[in-house]
Structure formats: structure tokens, C-alpha cells
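K.L.:
Got a file for you: query09.txt, compact mmCIF, N, CA and C atoms.
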```
# COMPACT_ATOMS: atom_id res chain seq x y z
N PRO A 1 115.38 -122.70 72.36
CA PRO A 1 114.79 -124.04 72.31
C PRO A 1 113.27 -123.96 72.25
N LEU A 2 112.69 -124.97 71.67
CA LEU A 2 111.24 -125.04 71.59
C LEU A 2 110.66 -125.37 72.96
N GLU A 3 109.53 -124.76 73.25
CA GLU A 3 108.82 -125.05 74.49
C GLU A 3 107.83 -126.18 74.22
N GLY A 4 107.34 -126.79 75.26
CA GLY A 4 106.27 -127.77 75.10
C GLY A 4 106.76 -129.19 75.29
N ASN A 5 105.89 -130.11 74.96
CA ASN A 5 106.15 -131.53 75.13
C ASN A 5 106.78 -132.06 73.85
N VAL A 6 108.10 -132.23 73.85
CA VAL A 6 108.82 -132.64 72.65
C VAL A 6 108.28 -133.97 72.12
N ALA A 7 107.81 -134.84 72.98
CA ALA A 7 107.27 -136.13 72.54
C ALA A 7 106.03 -135.96 71.67
N ARG A 8 105.34 -134.85 71.78
CA ARG A 8 104.12 -134.61 71.00
C ARG A 8 104.37 -133.67 69.82
N ASP A 9 105.61 -133.15 69.69
CA ASP A 9 105.95 -132.25 68.60
C ASP A 9 106.21 -133.05 67.32
N VAL A 10 105.78 -132.52 66.19
CA VAL A 10 106.00 -133.19 64.91
C VAL A 10 106.51 -132.20 63.88
N VAL A 11 107.13 -132.75 62.85
CA VAL A 11 107.56 -131.99 61.68
C VAL A 11 106.64 -132.39 60.53
N LEU A 12 106.12 -131.40 59.81
CA LEU A 12 105.32 -131.68 58.63
C LEU A 12 106.23 -131.67 57.41
N ALA A 13 106.02 -132.63 56.54
CA ALA A 13 106.76 -132.71 55.27
C ALA A 13 105.74 -132.60 54.14
N VAL A 14 106.01 -131.69 53.21
CA VAL A 14 105.14 -131.50 52.05
C VAL A 14 105.96 -131.84 50.81
N ASP A 15 105.41 -132.69 49.96
CA ASP A 15 106.05 -133.04 48.70
C ASP A 15 105.02 -132.88 47.60
N SER A 16 105.28 -131.95 46.69
CA SER A 16 104.39 -131.76 45.55
C SER A 16 105.14 -132.21 44.31
N SER A 17 104.70 -133.31 43.76
CA SER A 17 105.36 -133.89 42.58
C SER A 17 104.45 -133.74 41.37
N THR A 18 104.84 -134.35 40.28
CA THR A 18 104.03 -134.25 39.06
C THR A 18 102.74 -135.05 39.15
N THR A 19 102.66 -136.01 40.09
CA THR A 19 101.47 -136.84 40.17
C THR A 19 100.57 -136.53 41.36
N SER A 20 101.14 -135.93 42.45
CA SER A 20 100.32 -135.68 43.63
C SER A 20 101.04 -134.74 44.59
N THR A 21 100.28 -134.25 45.56
CA THR A 21 100.82 -133.53 46.70
C THR A 21 100.58 -134.38 47.93
N LYS A 22 101.66 -134.58 48.69
CA LYS A 22 101.58 -135.40 49.90
C LYS A 22 101.99 -134.55 51.08
N VAL A 23 101.28 -134.71 52.20
CA VAL A 23 101.63 -134.06 53.46
C VAL A 23 101.73 -135.16 54.50
N LEU A 24 102.84 -135.18 55.24
CA LEU A 24 103.07 -136.19 56.27
C LEU A 24 103.52 -135.50 57.54
N ALA A 25 103.24 -136.12 58.68
CA ALA A 25 103.72 -135.64 59.97
C ALA A 25 104.63 -136.71 60.55
N PHE A 26 105.82 -136.29 60.99
CA PHE A 26 106.82 -137.20 61.54
C PHE A 26 107.19 -136.82 62.95
N ALA A 27 107.40 -137.83 63.79
CA ALA A 27 107.94 -137.62 65.14
C ALA A 27 109.44 -137.37 65.02
N GLY A 28 110.05 -136.95 66.10
CA GLY A 28 111.47 -136.68 66.11
C GLY A 28 112.33 -137.88 65.76
N ASP A 29 111.82 -139.09 66.01
CA ASP A 29 112.59 -140.30 65.70
C ASP A 29 112.34 -140.81 64.28
N GLY A 30 111.55 -140.06 63.49
CA GLY A 30 111.29 -140.44 62.11
C GLY A 30 110.04 -141.26 61.89
N THR A 31 109.32 -141.57 62.95
CA THR A 31 108.08 -142.34 62.82
C THR A 31 107.01 -141.49 62.14
N ARG A 32 106.39 -142.06 61.10
CA ARG A 32 105.30 -141.35 60.43
C ARG A 32 104.04 -141.47 61.28
N LEU A 33 103.43 -140.32 61.59
CA LEU A 33 102.27 -140.29 62.48
C LEU A 33 100.97 -139.90 61.78
N ALA A 34 101.07 -139.23 60.65
CA ALA A 34 99.86 -138.81 59.92
C ALA A 34 100.25 -138.62 58.46
N ALA A 35 99.25 -138.77 57.58
CA ALA A 35 99.52 -138.59 56.15
C ALA A 35 98.23 -138.29 55.40
N ALA A 36 98.38 -137.53 54.31
CA ALA A 36 97.27 -137.26 53.40
C ALA A 36 97.87 -137.00 52.02
N ARG A 37 97.05 -137.23 50.99
CA ARG A 37 97.55 -137.13 49.61
C ARG A 37 96.41 -136.69 48.70
N GLY A 38 96.76 -135.86 47.72
CA GLY A 38 95.80 -135.47 46.69
C GLY A 38 96.45 -135.58 45.33
N SER A 39 95.80 -136.27 44.41
CA SER A 39 96.35 -136.49 43.06
C SER A 39 96.19 -135.26 42.18
N HIS A 40 97.14 -135.09 41.26
CA HIS A 40 97.08 -134.01 40.26
C HIS A 40 96.64 -134.60 38.93
N ASP A 41 95.76 -133.90 38.27
CA ASP A 41 95.37 -134.29 36.91
C ASP A 41 96.43 -133.80 35.94
N ARG A 42 96.64 -134.55 34.89
CA ARG A 42 97.50 -134.11 33.79
C ARG A 42 96.68 -134.13 32.52
N ARG A 43 96.83 -133.11 31.73
CA ARG A 43 96.12 -133.02 30.48
C ARG A 43 97.12 -133.04 29.33
N SER A 44 96.72 -133.64 28.25
CA SER A 44 97.58 -133.70 27.07
C SER A 44 96.83 -133.05 25.91
N PRO A 45 97.04 -131.72 25.74
CA PRO A 45 96.29 -131.00 24.70
C PRO A 45 96.68 -131.40 23.28
N GLN A 46 97.88 -131.95 23.15
CA GLN A 46 98.34 -132.45 21.85
C GLN A 46 99.44 -133.47 22.11
N PRO A 47 99.72 -134.33 21.14
CA PRO A 47 100.74 -135.35 21.35
C PRO A 47 102.08 -134.74 21.80
N GLY A 48 102.67 -135.36 22.83
CA GLY A 48 103.96 -134.90 23.33
C GLY A 48 103.89 -133.74 24.30
N HIS A 49 102.70 -133.24 24.63
CA HIS A 49 102.54 -132.12 25.56
C HIS A 49 101.77 -132.59 26.80
N GLN A 50 102.21 -132.12 27.96
CA GLN A 50 101.52 -132.38 29.22
C GLN A 50 101.31 -131.05 29.92
N GLU A 51 100.14 -130.85 30.48
CA GLU A 51 99.85 -129.62 31.21
C GLU A 51 99.22 -129.95 32.56
N GLN A 52 99.48 -129.06 33.53
CA GLN A 52 98.84 -129.15 34.84
C GLN A 52 98.39 -127.75 35.23
N ASP A 53 97.41 -127.69 36.11
CA ASP A 53 96.87 -126.41 36.58
C ASP A 53 97.44 -126.10 37.95
N PRO A 54 98.26 -125.04 38.10
CA PRO A 54 98.82 -124.69 39.41
C PRO A 54 97.76 -124.44 40.49
N ALA A 55 96.58 -123.99 40.10
CA ALA A 55 95.51 -123.80 41.08
C ALA A 55 95.11 -125.14 41.69
N GLU A 56 95.21 -126.20 40.90
CA GLU A 56 94.91 -127.54 41.41
C GLU A 56 95.97 -127.97 42.43
N TRP A 57 97.26 -127.64 42.18
CA TRP A 57 98.31 -127.95 43.16
C TRP A 57 97.97 -127.30 44.49
N TRP A 58 97.57 -126.01 44.44
CA TRP A 58 97.25 -125.28 45.67
C TRP A 58 96.06 -125.93 46.38
N ASP A 59 95.04 -126.27 45.63
CA ASP A 59 93.86 -126.91 46.22
C ASP A 59 94.23 -128.22 46.90
N ARG A 60 95.01 -129.06 46.23
CA ARG A 60 95.40 -130.35 46.81
C ARG A 60 96.24 -130.14 48.07
N LEU A 61 97.10 -129.10 48.05
CA LEU A 61 97.92 -128.81 49.23
C LEU A 61 97.06 -128.39 50.41
N THR A 62 96.12 -127.48 50.21
CA THR A 62 95.31 -127.00 51.33
C THR A 62 94.43 -128.11 51.90
N VAL A 63 93.91 -128.97 51.05
CA VAL A 63 93.08 -130.08 51.52
C VAL A 63 93.93 -131.07 52.32
N ALA A 64 95.12 -131.43 51.79
CA ALA A 64 95.99 -132.38 52.49
C ALA A 64 96.49 -131.80 53.81
N LEU A 65 96.86 -130.51 53.82
CA LEU A 65 97.29 -129.88 55.08
C LEU A 65 96.18 -129.89 56.11
N ALA A 66 94.96 -129.58 55.69
CA ALA A 66 93.83 -129.59 56.63
C ALA A 66 93.60 -131.00 57.17
N ASP A 67 93.73 -132.00 56.32
CA ASP A 67 93.53 -133.38 56.75
C ASP A 67 94.59 -133.78 57.79
N VAL A 68 95.86 -133.48 57.51
CA VAL A 68 96.93 -133.83 58.46
C VAL A 68 96.79 -133.00 59.74
N ALA A 69 96.40 -131.74 59.63
CA ALA A 69 96.20 -130.91 60.82
C ALA A 69 95.12 -131.52 61.71
N GLU A 70 94.06 -132.03 61.12
CA GLU A 70 93.00 -132.66 61.91
C GLU A 70 93.51 -133.96 62.56
N GLN A 71 94.27 -134.74 61.81
CA GLN A 71 94.86 -135.96 62.39
C GLN A 71 95.77 -135.61 63.58
N CYS A 72 96.54 -134.54 63.44
CA CYS A 72 97.43 -134.10 64.53
C CYS A 72 96.62 -133.64 65.74
N ARG A 73 95.57 -132.86 65.50
CA ARG A 73 94.72 -132.41 66.61
C ARG A 73 94.11 -133.60 67.35
N ALA A 74 93.61 -134.56 66.59
CA ALA A 74 92.97 -135.73 67.20
C ALA A 74 93.95 -136.55 68.04
N ALA A 75 95.23 -136.53 67.67
CA ALA A 75 96.26 -137.30 68.39
C ALA A 75 97.04 -136.42 69.37
N ASP A 76 96.61 -135.18 69.55
CA ASP A 76 97.28 -134.23 70.45
C ASP A 76 98.74 -134.01 70.06
N LEU A 77 98.97 -133.86 68.74
CA LEU A 77 100.30 -133.60 68.22
C LEU A 77 100.40 -132.13 67.82
N THR A 78 101.58 -131.55 67.95
CA THR A 78 101.78 -130.14 67.62
C THR A 78 102.83 -129.98 66.53
N PRO A 79 102.42 -129.54 65.33
CA PRO A 79 103.42 -129.26 64.29
C PRO A 79 104.32 -128.10 64.74
N ARG A 80 105.64 -128.31 64.64
CA ARG A 80 106.61 -127.29 65.05
C ARG A 80 107.47 -126.80 63.90
N ALA A 81 107.47 -127.53 62.80
CA ALA A 81 108.29 -127.14 61.65
C ALA A 81 107.67 -127.76 60.40
N ILE A 82 108.06 -127.21 59.25
CA ILE A 82 107.56 -127.74 57.97
C ILE A 82 108.70 -127.77 56.97
N SER A 83 108.74 -128.83 56.20
CA SER A 83 109.73 -128.99 55.13
C SER A 83 108.95 -129.14 53.83
N ILE A 84 109.39 -128.43 52.78
CA ILE A 84 108.64 -128.43 51.52
C ILE A 84 109.57 -128.79 50.36
N THR A 85 109.12 -129.72 49.53
CA THR A 85 109.81 -130.01 48.27
C THR A 85 108.77 -129.88 47.16
N HIS A 86 109.23 -129.52 45.98
CA HIS A 86 108.32 -129.31 44.85
C HIS A 86 109.00 -129.72 43.58
N GLN A 87 108.19 -130.14 42.63
CA GLN A 87 108.72 -130.50 41.32
C GLN A 87 109.41 -129.31 40.68
N ARG A 88 110.36 -129.58 39.87
CA ARG A 88 111.01 -128.52 39.10
C ARG A 88 110.53 -128.63 37.68
N GLU A 89 110.78 -127.58 36.93
CA GLU A 89 110.41 -127.60 35.53
C GLU A 89 111.18 -128.74 34.84
N THR A 90 110.47 -129.45 33.99
CA THR A 90 111.13 -130.56 33.29
C THR A 90 111.02 -130.37 31.80
```
Produce C-alpha cells that represent the structure in this file.
P.N.:
Amino acid sequence: PLEGNVARDVVLAVDSSTTSTKVLAFAGDGTRLAAARGSHDRRSPQPGHQEQDPAEWWDRLTVALADVAEQCRAADLTPRAISITHQRET
């Protein structure tokens, strides 16, 4: 079992989609306690083509994680787990 104050424990959820990366912190009852988001640029080098830069995904993730981590620190919340979803090739 996890040690600590379960009331202050949170789960981080990361969702990286085609338009943005979002990081959220949830309490055990599902209440959203913190959130941050970074948009992804899309480029169209020619008609019918869309491109994204994976380095930009990483940058948006690290910035959003740092933002949510700071929100958690300020509210005395402790991340105990993380769930990650990501876009698939389309």
C-alpha cells in the first residue's frame, strides 16, 4: 500500500493529441485539481500533407508537467501515479 496522506495524493494524466499536450492532476474521487496545456503547431508543406515536430511534443510535455508539478506543490499535493495516452499514427 502507498504511504502518506491519501487525501493529498493525486494521479497525473497526460494526453498528447494532434492539437496539444495536456497534463492534469486528479484526486482519488476524480476531482480535477490542477491542469496545464501546450498547443502543437501543424505545418502543411504541400496540399494534403500535415507535419508535426516530435521535439515540440516533448517540449510541450515538459513545460506542462512542470506547471502541474508547481500547482501540486503549492497545494501540498503528491503525485503517486501517472497515466499516459498519445496519438497514434493516422
K.L.:
Between A:Ala74, A:Trp58, A:Pro45, A:Arg37, which one has atoms that come closest to A:Thr21, using only C-alpha atoms?
P.N.:
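The closest residue to A:Thr21 is A:Arg37.
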K.L.:
At what distance in Å, to one decimal, does atom C of A:Ala66 lie from atom N of A:Ala13?
P.N.:
12.5 Å
K.L.:
Provide the atom CA of A:Leu77 to atom C of A:Ala7 distance in Å, to one decimal place.
P.N.:
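Atom C of A:Ala7 lies at a distance of 7.1 Å from atom CA of A:Leu77.
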K.L.:
Using only the atoms of stretch 48-65 of chain A listed in the file, plus 8 Å on each side, state the axis-aligned box centre and edge lengths in Å rounded to one decimal, as lines of an AutoDock Vina configuration file.
P.N.:
```
center_x = 98.5
center_y = -129.6
center_z = 39.5
size_x = 26.9
size_y = 27.6
size_z = 49.3
```
K.L.:
Could you jot down the atom C of A:Asp41 to atom CA of A:Gln71 separation for me, Å, one decimal place?
P.N.:
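Between atom C of A:Asp41 and atom CA of A:Gln71 the gap works out to 26.6 Å.
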K.L.:
Between A:Gly30, A:His86, A:Gly38, A:Arg8, which residue has the minimum interatomic distance to A:Thr62, considering only C-alpha atoms?
P.N.:
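Residue with the minimum atom-to-atom distance to A:Thr62: A:Gly38.
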K.L.:
Within 8 Å of (100.5, -136.3, 60.6) (file coordinates; only N, CA and C atoms), which protein or nucleic acid residues are there? I'd like them as a list in words.
P.N.:
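Output: Val10, Val11, Leu12, Ala13, Val23, Leu24, Ala25, Phe26, Ala27, Arg32, Leu33, Ala34, Ala35, Ala36, Asp67, Val68, Ala69, Glu70, Gln71, Cys72 and Arg73 of chain A.
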K.L.:
Pull the strand (DSSP E) assignments for chain A out of DSSP run on the backbone, and list those residues as a VMD selection string.
P.N.:
chain A and resid 9 to 16 20 to 26 32 to 39 78 to 86
K.L.:
Mind listing the helix (DSSP H, G or I) residues of chain A, per DSSP on the backbone, as a count of residues only?
P.N.:
24
